[in-house]
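structure.cif follows; it contains mmCIF, C-alpha atoms and all ligand atoms.
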data_coords
#
loop_
_atom_site.group_PDB
_atom_site.id
_atom_site.type_symbol
_atom_site.label_atom_id
_atom_site.label_comp_id
_atom_site.auth_asym_id
_atom_site.auth_seq_id
_atom_site.Cartn_x
_atom_site.Cartn_y
_atom_site.Cartn_z
ATOM 1 C CA MET L 15 -0.040 -7.082 9.376
ATOM 2 C CA GLY L 16 -1.702 -10.524 9.277
ATOM 3 C CA SER L 17 -3.534 -11.712 6.229
ATOM 4 C CA ALA L 18 -6.102 -14.297 5.180
ATOM 5 C CA ALA L 19 -3.799 -16.091 2.771
ATOM 6 C CA GLY L 20 -0.128 -16.737 2.059
ATOM 7 C CA GLY L 21 1.455 -16.636 -1.387
ATOM 8 C CA GLU L 22 1.785 -13.644 -3.648
ATOM 9 C CA PRO L 23 -0.291 -10.606 -2.742
ATOM 10 C CA LEU L 24 -2.816 -9.340 -5.258
ATOM 11 C CA LEU L 25 -1.877 -5.784 -4.291
ATOM 12 C CA ARG L 26 1.457 -4.675 -2.894
ATOM 13 C CA LEU L 27 2.138 -1.118 -1.776
ATOM 14 C CA ARG L 28 5.556 0.008 -0.576
ATOM 15 C CA GLY L 29 6.158 3.524 0.682
ATOM 16 C CA VAL L 30 3.229 4.819 -1.329
ATOM 17 C CA GLY L 31 2.686 8.560 -1.099
ATOM 18 C CA LYS L 32 0.509 11.042 -2.923
ATOM 19 C CA VAL L 33 1.061 14.766 -2.990
ATOM 20 C CA TYR L 34 -1.538 16.977 -4.652
ATOM 21 C CA GLU L 35 -0.359 20.216 -6.192
ATOM 22 C CA ALA L 36 -3.219 22.557 -5.346
ATOM 23 C CA GLY L 37 -2.320 26.065 -6.534
ATOM 24 C CA GLU L 38 0.709 27.240 -4.572
ATOM 25 C CA HIS L 39 0.241 24.644 -1.877
ATOM 26 C CA ALA L 40 1.127 21.020 -1.903
ATOM 27 C CA VAL L 41 -1.382 18.836 -0.074
ATOM 28 C CA VAL L 42 -0.232 15.507 1.287
ATOM 29 C CA GLY L 43 -2.925 12.951 0.517
ATOM 30 C CA LEU L 44 -0.968 9.837 1.548
ATOM 31 C CA GLU L 45 2.446 9.118 3.008
ATOM 32 C CA GLY L 46 4.535 5.984 3.485
ATOM 33 C CA ILE L 47 1.810 3.392 2.946
ATOM 34 C CA ASP L 48 3.024 -0.237 3.130
ATOM 35 C CA LEU L 49 0.214 -2.696 2.537
ATOM 36 C CA ASP L 50 -0.280 -6.183 1.103
ATOM 37 C CA ILE L 51 -3.705 -7.428 0.103
ATOM 38 C CA HIS L 52 -4.023 -11.094 -0.787
ATOM 39 C CA PRO L 53 -6.544 -12.818 -3.033
ATOM 40 C CA GLY L 54 -9.717 -13.500 -1.062
ATOM 41 C CA ASP L 55 -9.002 -10.805 1.508
ATOM 42 C CA PHE L 56 -11.699 -8.437 2.767
ATOM 43 C CA LEU L 57 -10.119 -5.287 4.123
ATOM 44 C CA ALA L 58 -11.905 -2.344 5.713
ATOM 45 C CA VAL L 59 -10.199 1.055 5.730
ATOM 46 C CA MET L 60 -11.345 3.393 8.492
ATOM 47 C CA GLY L 61 -10.334 6.980 9.041
ATOM 48 C CA PRO L 62 -11.733 10.440 9.642
ATOM 49 C CA SER L 63 -12.839 12.695 6.790
ATOM 50 C CA GLY L 64 -9.880 14.008 4.795
ATOM 51 C CA SER L 65 -7.504 11.314 6.060
ATOM 52 C CA GLY L 66 -6.733 9.925 2.588
ATOM 53 C CA LYS L 67 -9.175 7.018 2.233
ATOM 54 C CA SER L 68 -10.427 7.973 -1.227
ATOM 55 C CA THR L 69 -6.901 8.858 -2.332
ATOM 56 C CA LEU L 70 -5.858 5.327 -1.372
ATOM 57 C CA MET L 71 -8.850 3.801 -3.185
ATOM 58 C CA ASN L 72 -8.112 5.827 -6.329
ATOM 59 C CA ILE L 73 -4.578 4.472 -6.334
ATOM 60 C CA LEU L 74 -5.662 0.880 -5.630
ATOM 61 C CA GLY L 75 -8.188 1.161 -8.470
ATOM 62 C CA CYS L 76 -5.685 2.639 -10.936
ATOM 63 C CA LEU L 77 -7.687 5.852 -11.224
ATOM 64 C CA ASP L 78 -4.601 7.694 -10.044
ATOM 65 C CA VAL L 79 -0.908 6.936 -9.554
ATOM 66 C CA PRO L 80 1.269 7.514 -6.476
ATOM 67 C CA THR L 81 3.803 10.365 -6.491
ATOM 68 C CA THR L 82 6.240 8.244 -4.430
ATOM 69 C CA GLY L 83 6.723 4.556 -3.673
ATOM 70 C CA SER L 84 5.591 1.550 -5.625
ATOM 71 C CA TYR L 85 2.248 -0.108 -6.246
ATOM 72 C CA GLU L 86 1.977 -3.521 -7.874
ATOM 73 C CA LEU L 87 -1.270 -5.101 -8.988
ATOM 74 C CA LYS L 88 -0.842 -8.823 -9.750
ATOM 75 C CA GLY L 89 2.890 -8.188 -9.950
ATOM 76 C CA THR L 90 2.537 -5.359 -12.483
ATOM 77 C CA PRO L 91 4.204 -2.116 -11.338
ATOM 78 C CA VAL L 92 1.309 0.249 -11.915
ATOM 79 C CA SER L 93 3.269 3.496 -11.499
ATOM 80 C CA SER L 94 5.134 2.909 -14.743
ATOM 81 C CA LEU L 95 2.050 2.434 -16.927
ATOM 82 C CA SER L 96 0.797 4.858 -19.568
ATOM 83 C CA PRO L 97 -2.681 6.319 -19.047
ATOM 84 C CA GLU L 98 -4.000 3.894 -21.698
ATOM 85 C CA ALA L 99 -2.448 0.854 -20.047
ATOM 86 C CA LEU L 100 -3.747 2.086 -16.701
ATOM 87 C CA ALA L 101 -7.280 2.351 -18.104
ATOM 88 C CA ALA L 102 -7.014 -1.150 -19.566
ATOM 89 C CA ILE L 103 -5.849 -2.715 -16.299
ATOM 90 C CA ARG L 104 -8.555 -0.816 -14.424
ATOM 91 C CA ASN L 105 -11.324 -2.027 -16.726
ATOM 92 C CA ARG L 106 -10.112 -5.601 -16.582
ATOM 93 C CA GLU L 107 -9.189 -5.969 -12.925
ATOM 94 C CA VAL L 108 -11.241 -3.547 -10.834
ATOM 95 C CA GLY L 109 -14.924 -3.096 -9.977
ATOM 96 C CA PHE L 110 -15.908 0.140 -8.230
ATOM 97 C CA ILE L 111 -18.803 0.832 -5.878
ATOM 98 C CA PHE L 112 -19.193 4.447 -4.752
ATOM 99 C CA GLN L 113 -21.332 6.301 -2.248
ATOM 100 C CA VAL L 114 -23.235 7.880 -5.135
ATOM 101 C CA PHE L 115 -24.460 5.225 -7.484
ATOM 102 C CA HIS L 116 -23.570 6.741 -10.883
ATOM 103 C CA LEU L 117 -26.296 4.829 -12.715
ATOM 104 C CA LEU L 118 -27.709 6.101 -15.997
ATOM 105 C CA PRO L 119 -31.253 7.116 -14.973
ATOM 106 C CA ARG L 120 -33.055 6.396 -18.250
ATOM 107 C CA TYR L 121 -31.509 2.978 -18.739
ATOM 108 C CA THR L 122 -32.926 -0.207 -17.276
ATOM 109 C CA ALA L 123 -31.144 -1.983 -14.441
ATOM 110 C CA LEU L 124 -30.017 -4.663 -16.899
ATOM 111 C CA ARG L 125 -28.643 -2.125 -19.370
ATOM 112 C CA ASN L 126 -26.735 -0.308 -16.613
ATOM 113 C CA VAL L 127 -25.087 -3.570 -15.609
ATOM 114 C CA GLU L 128 -24.277 -4.385 -19.240
ATOM 115 C CA LEU L 129 -22.379 -1.146 -19.837
ATOM 116 C CA PRO L 130 -18.893 -2.275 -18.702
ATOM 117 C CA LEU L 131 -19.254 -5.290 -21.008
ATOM 118 C CA LEU L 132 -20.209 -3.024 -23.880
ATOM 119 C CA TYR L 133 -17.017 -1.009 -23.283
ATOM 120 C CA ALA L 134 -15.065 -4.272 -23.141
ATOM 121 C CA GLY L 135 -16.447 -5.296 -26.527
ATOM 122 C CA VAL L 136 -18.442 -8.308 -25.309
ATOM 123 C CA GLY L 137 -21.168 -9.426 -27.764
ATOM 124 C CA LYS L 138 -24.857 -8.723 -27.237
ATOM 125 C CA GLU L 139 -26.080 -12.123 -26.081
ATOM 126 C CA GLU L 140 -23.221 -12.755 -23.693
ATOM 127 C CA ARG L 141 -23.675 -9.222 -22.344
ATOM 128 C CA ALA L 142 -27.331 -9.795 -21.526
ATOM 129 C CA GLN L 143 -26.650 -13.195 -20.020
ATOM 130 C CA ARG L 144 -23.783 -12.052 -17.812
ATOM 131 C CA ALA L 145 -25.643 -8.910 -16.708
ATOM 132 C CA LEU L 146 -28.598 -11.062 -15.705
ATOM 133 C CA GLU L 147 -26.286 -13.367 -13.769
ATOM 134 C CA ALA L 148 -24.795 -10.375 -11.930
ATOM 135 C CA LEU L 149 -28.268 -9.053 -11.077
ATOM 136 C CA ARG L 150 -29.157 -12.504 -9.790
ATOM 137 C CA ALA L 151 -26.048 -12.448 -7.576
ATOM 138 C CA VAL L 152 -27.399 -9.349 -5.800
ATOM 139 C CA GLY L 153 -30.997 -10.642 -5.679
ATOM 140 C CA LEU L 154 -32.346 -8.129 -8.159
ATOM 141 C CA GLU L 155 -33.181 -10.259 -11.176
ATOM 142 C CA ASP L 156 -36.862 -9.355 -10.949
ATOM 143 C CA ARG L 157 -36.040 -5.651 -11.335
ATOM 144 C CA LYS L 158 -33.999 -6.056 -14.504
ATOM 145 C CA GLY L 159 -36.508 -4.128 -16.642
ATOM 146 C CA HIS L 160 -36.957 -1.216 -14.232
ATOM 147 C CA LEU L 161 -35.421 2.092 -15.140
ATOM 148 C CA SER L 162 -32.767 2.873 -12.573
ATOM 149 C CA ASN L 163 -34.628 5.998 -11.414
ATOM 150 C CA GLN L 164 -37.594 3.748 -10.510
ATOM 151 C CA LEU L 165 -35.492 1.905 -7.946
ATOM 152 C CA SER L 166 -34.953 2.623 -4.246
ATOM 153 C CA GLY L 167 -31.539 3.686 -2.975
ATOM 154 C CA GLY L 168 -30.782 0.199 -1.707
ATOM 155 C CA GLN L 169 -31.798 -1.335 -5.041
ATOM 156 C CA LYS L 170 -29.692 1.205 -6.940
ATOM 157 C CA GLN L 171 -26.657 0.265 -4.893
ATOM 158 C CA LYS L 172 -27.323 -3.408 -5.635
ATOM 159 C CA VAL L 173 -27.383 -2.580 -9.350
ATOM 160 C CA ALA L 174 -24.091 -0.741 -8.864
ATOM 161 C CA ILE L 175 -22.628 -3.866 -7.225
ATOM 162 C CA ALA L 176 -23.866 -6.010 -10.101
ATOM 163 C CA ARG L 177 -22.236 -3.567 -12.529
ATOM 164 C CA ALA L 178 -18.975 -3.762 -10.573
ATOM 165 C CA LEU L 179 -19.095 -7.571 -10.678
ATOM 166 C CA VAL L 180 -20.009 -8.085 -14.295
ATOM 167 C CA ASN L 181 -16.445 -7.929 -15.633
ATOM 168 C CA ARG L 182 -15.420 -10.547 -13.047
ATOM 169 C CA PRO L 183 -12.761 -8.233 -11.603
ATOM 170 C CA SER L 184 -9.926 -9.422 -9.357
ATOM 171 C CA LEU L 185 -10.669 -6.603 -6.961
ATOM 172 C CA LEU L 186 -13.849 -4.922 -5.692
ATOM 173 C CA LEU L 187 -13.390 -1.422 -4.271
ATOM 174 C CA ALA L 188 -16.232 0.091 -2.263
ATOM 175 C CA ASP L 189 -15.815 3.705 -1.071
ATOM 176 C CA GLU L 190 -18.430 4.466 1.628
ATOM 177 C CA PRO L 191 -20.988 2.293 -0.204
ATOM 178 C CA THR L 192 -23.549 2.521 2.607
ATOM 179 C CA GLY L 193 -23.144 6.290 3.064
ATOM 180 C CA ASN L 194 -26.420 7.105 1.290
ATOM 181 C CA LEU L 195 -28.425 4.130 2.525
ATOM 182 C CA ASP L 196 -30.750 3.580 5.460
ATOM 183 C CA SER L 197 -29.372 1.141 8.031
ATOM 184 C CA ARG L 198 -31.420 -1.825 6.817
ATOM 185 C CA SER L 199 -30.323 -1.406 3.174
ATOM 186 C CA GLY L 200 -26.783 -0.917 4.463
ATOM 187 C CA GLU L 201 -26.927 -4.239 6.292
ATOM 188 C CA GLU L 202 -28.314 -6.004 3.228
ATOM 189 C CA LEU L 203 -25.516 -4.557 1.145
ATOM 190 C CA MET L 204 -22.882 -5.717 3.620
ATOM 191 C CA ALA L 205 -24.404 -9.204 3.608
ATOM 192 C CA ILE L 206 -23.982 -9.268 -0.179
ATOM 193 C CA LEU L 207 -20.347 -8.126 0.060
ATOM 194 C CA ALA L 208 -19.639 -10.715 2.764
ATOM 195 C CA ARG L 209 -21.136 -13.439 0.588
ATOM 196 C CA LEU L 210 -19.158 -12.335 -2.486
ATOM 197 C CA ASN L 211 -16.017 -12.457 -0.348
ATOM 198 C CA ALA L 212 -16.894 -15.942 0.904
ATOM 199 C CA GLU L 213 -17.221 -16.932 -2.769
ATOM 200 C CA GLY L 214 -13.723 -15.635 -3.483
ATOM 201 C CA SER L 215 -13.954 -11.894 -4.277
ATOM 202 C CA THR L 216 -11.190 -9.676 -2.918
ATOM 203 C CA ILE L 217 -12.745 -6.572 -1.399
ATOM 204 C CA VAL L 218 -11.479 -3.271 -0.032
ATOM 205 C CA LEU L 219 -14.144 -1.241 1.745
ATOM 206 C CA VAL L 220 -13.881 2.322 3.032
ATOM 207 C CA THR L 221 -16.167 3.319 5.862
ATOM 208 C CA HIS L 222 -16.170 5.406 9.016
ATOM 209 C CA ASP L 223 -18.781 3.169 10.600
ATOM 210 C CA LEU L 224 -17.254 0.514 12.869
ATOM 211 C CA ALA L 225 -20.360 -1.698 12.645
ATOM 212 C CA ILE L 226 -19.910 -1.754 8.855
ATOM 213 C CA ALA L 227 -16.142 -2.301 9.084
ATOM 214 C CA ARG L 228 -16.678 -5.331 11.311
ATOM 215 C CA ASN L 229 -18.019 -7.224 8.296
ATOM 216 C CA ALA L 230 -14.481 -7.278 6.899
ATOM 217 C CA ARG L 231 -11.802 -9.842 7.755
ATOM 218 C CA ARG L 232 -9.435 -7.123 8.945
ATOM 219 C CA ILE L 233 -9.436 -3.377 9.495
ATOM 220 C CA VAL L 234 -6.692 -0.832 8.835
ATOM 221 C CA TYR L 235 -6.791 2.715 10.190
ATOM 222 C CA ILE L 236 -5.633 5.813 8.382
ATOM 223 C CA VAL L 237 -5.009 9.237 9.902
ATOM 224 C CA ASP L 238 -3.452 12.197 8.087
ATOM 225 C CA GLY L 239 -2.484 10.024 5.147
ATOM 226 C CA ARG L 240 -0.684 7.375 7.210
ATOM 227 C CA LEU L 241 -1.615 3.917 8.405
ATOM 228 C CA VAL L 242 -1.781 3.843 12.192
ATOM 229 C CA THR L 243 -2.567 1.233 14.829
ATOM 230 C CA GLU L 244 -6.063 0.833 16.198
ATOM 231 C CA ASP L 245 -4.942 2.276 19.540
ATOM 232 C CA ARG L 246 -3.444 5.340 17.912
ATOM 233 C CA TYR L 247 -6.608 5.819 15.874
ATOM 234 C CA ARG L 248 -8.782 5.714 18.995
ATOM 235 C CA GLU L 249 -6.444 8.104 20.789
ATOM 236 C CA LEU L 250 -6.605 10.621 17.948
ATOM 237 C CA ARG L 251 -10.360 10.292 17.591
ATOM 238 C CA GLY L 252 -10.785 10.847 21.333
HETATM 239 P P1 LIG M 1 -11.052 10.943 2.647
HETATM 240 O O1 LIG M 1 -11.569 10.117 1.510
HETATM 241 O O2 LIG M 1 -10.450 10.140 3.756
HETATM 242 O O3 LIG M 1 -12.092 11.883 3.169
HETATM 243 P P2 LIG M 1 -9.345 12.150 0.626
HETATM 244 O O4 LIG M 1 -8.490 11.032 0.162
HETATM 245 O O5 LIG M 1 -10.466 12.548 -0.260
HETATM 246 O O6 LIG M 1 -9.847 11.860 2.102
HETATM 247 O O7 LIG M 1 -8.411 13.436 0.837
HETATM 248 C C1 LIG M 1 -7.159 13.384 1.529
HETATM 249 C C2 LIG M 1 -6.505 14.756 1.474
HETATM 250 O O8 LIG M 1 -6.111 15.065 0.154
HETATM 251 C C3 LIG M 1 -7.413 15.887 1.917
HETATM 252 O O9 LIG M 1 -6.633 16.857 2.567
HETATM 253 C C4 LIG M 1 -7.953 16.421 0.622
HETATM 254 O O10 LIG M 1 -8.320 17.766 0.745
HETATM 255 C C5 LIG M 1 -6.766 16.231 -0.319
HETATM 256 N N1 LIG M 1 -7.180 15.980 -1.711
HETATM 257 C C6 LIG M 1 -7.917 14.933 -2.167
HETATM 258 N N2 LIG M 1 -8.080 15.016 -3.502
HETATM 259 C C7 LIG M 1 -7.436 16.138 -3.897
HETATM 260 C C8 LIG M 1 -7.233 16.790 -5.161
HETATM 261 N N3 LIG M 1 -7.720 16.269 -6.300
HETATM 262 N N4 LIG M 1 -6.509 17.935 -5.180
HETATM 263 C C9 LIG M 1 -6.004 18.461 -4.045
HETATM 264 N N5 LIG M 1 -6.161 17.920 -2.831
HETATM 265 C C10 LIG M 1 -6.862 16.771 -2.745
HETATM 266 MG MG MG M 2 -13.493 9.903 0.710
#
The structure given in the file should be rewritten as structure tokens.
Amino acid sequence: MGSAAGGEPLLRLRGVGKVYEAGEHAVVGLEGIDLDIHPGDFLAVMGPSGSGKSTLMNILGCLDVPTTGSYELKGTPVSSLSPEALAAIRNREVGFIFQVFHLLPRYTALRNVELPLLYAGVGKEERAQRALEALRAVGLEDRKGHLSNQLSGGQKQKVAIARALVNRPSLLLADEPTGNLDSRSGEELMAILARLNAEGSTIVLVTHDLAIARNARRIVYIVDGRLVTEDRYRELRG
């Protein structure tokens, strides 16, 4: 699979699989995933519901570990890490944007964006300054004092992006980030992600909307837990 850059990949997956033990049944979430993602890449992952997109994102973001194969983030074999080390690498390296915004409703936009810095032990003044910078990067500086439940859906998702950016992560993961937005807010959001990518952010975006996926530099397709070609994907989707 072609890539934007040469050199060492930021993320390297080889034969990655995930089996969920659900009661008496084992559910295959992913199988045999080989994937390299380089610094500065912008990858869209498309696939039908239940195909393993979120499972893949959880592994990329160190929220979960594969049951088979190997996953390296910046050359670190993630599968071998303790839960504590996994949490540390996740907090340092990964920013998450979800379909639901997960903002604290009674906190201001600024305070919501500051939270990851608080967890990382960054001092008060630097926290406020960096949170403001992140809000500026998504064009929401003038809403910094609004409580998050006083913001529109599109504005909430911008706050969530600012929060994901504030730790200056190596990797931004967005799982159906436009799923709860009207089409105009969705387009605005994609413009922000495209700009962040142009400025150097590495982004992996999950969507089942081709118009959204086209904002990425390349698209991979996943069906039944496996990466497939575009043709195969179209065939299966009918
Ligand atoms: P997608 O995000 O593409 O809709 P998921 O990655 O959420 O798909 O799910 C892939 C498959 O793994 C599905 O069959 C789903 O039911 C199963 N799955 C996901 N998470 C779990 C879990 N925690 N326990 C058991 N099965 C799961
Ligand atoms: Mg999902």
**Request:** List all protein, DNA and RNA residues that have any atom at most 10 Å from ligand MG 2 (chain M), counting only C-alpha atoms and all ligand atoms, and write the list as number ranges by chain.
**Result:** L: 61-72, 112-113, 189-190, 220-222
**Message:** Take the PyMOL selection byres (((chain L and resi 85) around 9) and not hetatm), run it mentally on this structure, and tell me the resulting residues as a list of chain:residue names.
**Reply:** L:Leu25, L:Arg26, L:Leu27, L:Arg28, L:Gly29, L:Val30, L:Ile73, L:Leu74, L:Val79, L:Pro80, L:Gly83, L:Ser84, L:Glu86, L:Leu87, L:Gly89, L:Thr90, L:Pro91, L:Val92, L:Ser93
**Request:** I would like the residues chosen by the PyMOL selection byres (((chain L and resi 193) around 12) and not hetatm) on the shown file; could you give them as a PyMOL selection string?
**Result:** chain L and resi 111-115+167-168+171+188-192+194-197+199-201+203+219-223+226
**Request:** Find the residues near Gly109 (chain L): any atom within 12 Å, counting only C-alpha atoms, skip ones fewer than 5 places away on the same chain, and give them as number ranges by chain.
**Result:** L: 71-72, 74-77, 103-104, 127, 130, 174-189, 215-219
I need the residues from that last selection saved to file as a PDB file, keeping the file's coordinate frame (with C-alpha atoms), if you can.
ATOM      1  CA  MET L  71      -8.850   3.801  -3.185  1.00  0.00           C
ATOM      2  CA  ASN L  72      -8.112   5.827  -6.329  1.00  0.00           C
ATOM      3  CA  LEU L  74      -5.662   0.880  -5.630  1.00  0.00           C
ATOM      4  CA  GLY L  75      -8.188   1.161  -8.470  1.00  0.00           C
ATOM      5  CA  CYS L  76      -5.685   2.639 -10.936  1.00  0.00           C
ATOM      6  CA  LEU L  77      -7.687   5.852 -11.224  1.00  0.00           C
ATOM      7  CA  ILE L 103      -5.849  -2.715 -16.299  1.00  0.00           C
ATOM      8  CA  ARG L 104      -8.555  -0.816 -14.424  1.00  0.00           C
ATOM      9  CA  VAL L 127     -25.087  -3.570 -15.609  1.00  0.00           C
ATOM     10  CA  PRO L 130     -18.893  -2.275 -18.702  1.00  0.00           C
ATOM     11  CA  ALA L 174     -24.091  -0.741  -8.864  1.00  0.00           C
ATOM     12  CA  ILE L 175     -22.628  -3.866  -7.225  1.00  0.00           C
ATOM     13  CA  ALA L 176     -23.866  -6.010 -10.101  1.00  0.00           C
ATOM     14  CA  ARG L 177     -22.236  -3.567 -12.529  1.00  0.00           C
ATOM     15  CA  ALA L 178     -18.975  -3.762 -10.573  1.00  0.00           C
ATOM     16  CA  LEU L 179     -19.095  -7.571 -10.678  1.00  0.00           C
ATOM     17  CA  VAL L 180     -20.009  -8.085 -14.295  1.00  0.00           C
ATOM     18  CA  ASN L 181     -16.445  -7.929 -15.633  1.00  0.00           C
ATOM     19  CA  ARG L 182     -15.420 -10.547 -13.047  1.00  0.00           C
ATOM     20  CA  PRO L 183     -12.761  -8.233 -11.603  1.00  0.00           C
ATOM     21  CA  SER L 184      -9.926  -9.422  -9.357  1.00  0.00           C
ATOM     22  CA  LEU L 185     -10.669  -6.603  -6.961  1.00  0.00           C
ATOM     23  CA  LEU L 186     -13.849  -4.922  -5.692  1.00  0.00           C
ATOM     24  CA  LEU L 187     -13.390  -1.422  -4.271  1.00  0.00           C
ATOM     25  CA  ALA L 188     -16.232   0.091  -2.263  1.00  0.00           C
ATOM     26  CA  ASP L 189     -15.815   3.705  -1.071  1.00  0.00           C
ATOM     27  CA  SER L 215     -13.954 -11.894  -4.277  1.00  0.00           C
ATOM     28  CA  THR L 216     -11.190  -9.676  -2.918  1.00  0.00           C
ATOM     29  CA  ILE L 217     -12.745  -6.572  -1.399  1.00  0.00           C
ATOM     30  CA  VAL L 218     -11.479  -3.271  -0.032  1.00  0.00           C
ATOM     31  CA  LEU L 219     -14.144  -1.241   1.745  1.00  0.00           C
TER      32      LEU L 219
END
**Distance in Å - atom N1 of ligand LIG 1 (chain M) versus CA of Leu24 (chain L)** =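 The value is 25.9 Å.
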**Asked** Care to translate the PyMOL selection byres (((chain L and resi 153) around 10) and not hetatm) into actual residues of this file, as a VMD selection string?
**Response** chain L and resid 147 to 152 154 to 157 169 172 to 173 176 206
**Prompt:** Separation of CA of Val33 (chain L) and CA of Thr81 (chain L), in Å?
**Reply:**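 Distance between the two atoms: 6.3 Å.
Distances from L:Glu249, L:Glu45, L:Glu107, L:Glu22 to ligand LIG 1 (chain M) were compared using all atoms listed in the file, and the smallest one belongs to L:Glu45.
Take CA of Leu161 (chain L) and CA of Glu128 (chain L): the distance between them is 13.5 Å.
A cut-off of 10 Å from the point (-1.7, -17.2, -7.1), with all atoms listed in the file, picks out the residues Gly20, Gly21, Glu22, Pro23, Leu24, His52, Pro53 and Lys88 of chain L.
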**Message:** Neighbouring residues of region 210-214 of chain L were defined as those with any atom within 6 Å, considering all atoms listed in the file; residues of the same chain fewer than 2 positions away were excluded. Please report them as a list in words.
**Reply:**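 Skipping anything fewer than 2 positions along the chain leaves Gly54, Leu207 and Ala208 of chain L.
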**Prompt:** Of the candidates L:Lys158, L:Arg246, L:Lys32, L:Arg198, which shows the shortest atom-to-atom distance to ligand LIG 1 (chain M), using all atoms listed in the file?
**Reply:**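 Residue with the minimum atom-to-atom distance to ligand LIG 1 (chain M): L:Lys32.
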Specify the axis-aligned box that encloses all atoms of ligand LIG 1 (chain M) listed in the file after padding of 5 Å on each side, stating its centre and edge lengths in Å to one decimal as AutoDock Vina command-line options.
--center_x -9.0 --center_y 14.3 --center_z -1.3 --size_x 16.1 --size_y 18.3 --size_z 20.1
Taking N, CA and C atoms as the atom set, what does region 152-166 of chain L look like once completed, written as a PDB file, in the coordinates of the input?
ATOM      1  N   VAL L 152     -27.033 -10.335  -6.825  1.00  0.00           N
ATOM      2  CA  VAL L 152     -27.399  -9.349  -5.800  1.00  0.00           C
ATOM      3  C   VAL L 152     -28.896  -9.401  -5.484  1.00  0.00           C
ATOM      4  N   GLY L 153     -29.580 -10.441  -5.994  1.00  0.00           N
ATOM      5  CA  GLY L 153     -30.997 -10.642  -5.679  1.00  0.00           C
ATOM      6  C   GLY L 153     -31.926  -9.646  -6.345  1.00  0.00           C
ATOM      7  N   LEU L 154     -31.551  -9.169  -7.520  1.00  0.00           N
ATOM      8  CA  LEU L 154     -32.346  -8.129  -8.159  1.00  0.00           C
ATOM      9  C   LEU L 154     -32.796  -8.498  -9.573  1.00  0.00           C
ATOM     10  N   GLU L 155     -32.811  -9.787  -9.840  1.00  0.00           N
ATOM     11  CA  GLU L 155     -33.181 -10.259 -11.176  1.00  0.00           C
ATOM     12  C   GLU L 155     -34.568  -9.754 -11.596  1.00  0.00           C
ATOM     13  N   ASP L 156     -35.482  -9.736 -10.618  1.00  0.00           N
ATOM     14  CA  ASP L 156     -36.862  -9.355 -10.949  1.00  0.00           C
ATOM     15  C   ASP L 156     -37.025  -7.853 -11.220  1.00  0.00           C
ATOM     16  N   ARG L 157     -35.969  -7.085 -11.036  1.00  0.00           N
ATOM     17  CA  ARG L 157     -36.040  -5.651 -11.335  1.00  0.00           C
ATOM     18  C   ARG L 157     -35.255  -5.293 -12.599  1.00  0.00           C
ATOM     19  N   LYS L 158     -34.904  -6.302 -13.375  1.00  0.00           N
ATOM     20  CA  LYS L 158     -33.999  -6.056 -14.504  1.00  0.00           C
ATOM     21  C   LYS L 158     -34.560  -5.057 -15.515  1.00  0.00           C
ATOM     22  N   GLY L 159     -35.898  -5.015 -15.651  1.00  0.00           N
ATOM     23  CA  GLY L 159     -36.508  -4.128 -16.642  1.00  0.00           C
ATOM     24  C   GLY L 159     -36.875  -2.754 -16.105  1.00  0.00           C
ATOM     25  N   HIS L 160     -36.658  -2.529 -14.809  1.00  0.00           N
ATOM     26  CA  HIS L 160     -36.957  -1.216 -14.232  1.00  0.00           C
ATOM     27  C   HIS L 160     -35.917  -0.197 -14.665  1.00  0.00           C
ATOM     28  N   LEU L 161     -36.389   1.015 -14.937  1.00  0.00           N
ATOM     29  CA  LEU L 161     -35.421   2.092 -15.140  1.00  0.00           C
ATOM     30  C   LEU L 161     -34.751   2.359 -13.799  1.00  0.00           C
ATOM     31  N   SER L 162     -33.480   2.765 -13.853  1.00  0.00           N
ATOM     32  CA  SER L 162     -32.767   2.873 -12.573  1.00  0.00           C
ATOM     33  C   SER L 162     -33.376   3.955 -11.682  1.00  0.00           C
ATOM     34  N   ASN L 163     -34.017   4.985 -12.286  1.00  0.00           N
ATOM     35  CA  ASN L 163     -34.628   5.998 -11.414  1.00  0.00           C
ATOM     36  C   ASN L 163     -35.972   5.553 -10.828  1.00  0.00           C
ATOM     37  N   GLN L 164     -36.393   4.313 -11.153  1.00  0.00           N
ATOM     38  CA  GLN L 164     -37.594   3.748 -10.510  1.00  0.00           C
ATOM     39  C   GLN L 164     -37.225   2.832  -9.350  1.00  0.00           C
ATOM     40  N   LEU L 165     -35.948   2.803  -9.014  1.00  0.00           N
ATOM     41  CA  LEU L 165     -35.492   1.905  -7.946  1.00  0.00           C
ATOM     42  C   LEU L 165     -35.208   2.684  -6.674  1.00  0.00           C
ATOM     43  N   SER L 166     -35.311   2.005  -5.526  1.00  0.00           N
ATOM     44  CA  SER L 166     -34.953   2.623  -4.246  1.00  0.00           C
ATOM     45  C   SER L 166     -33.439   2.758  -4.155  1.00  0.00           C
TER      46      SER L 166
END
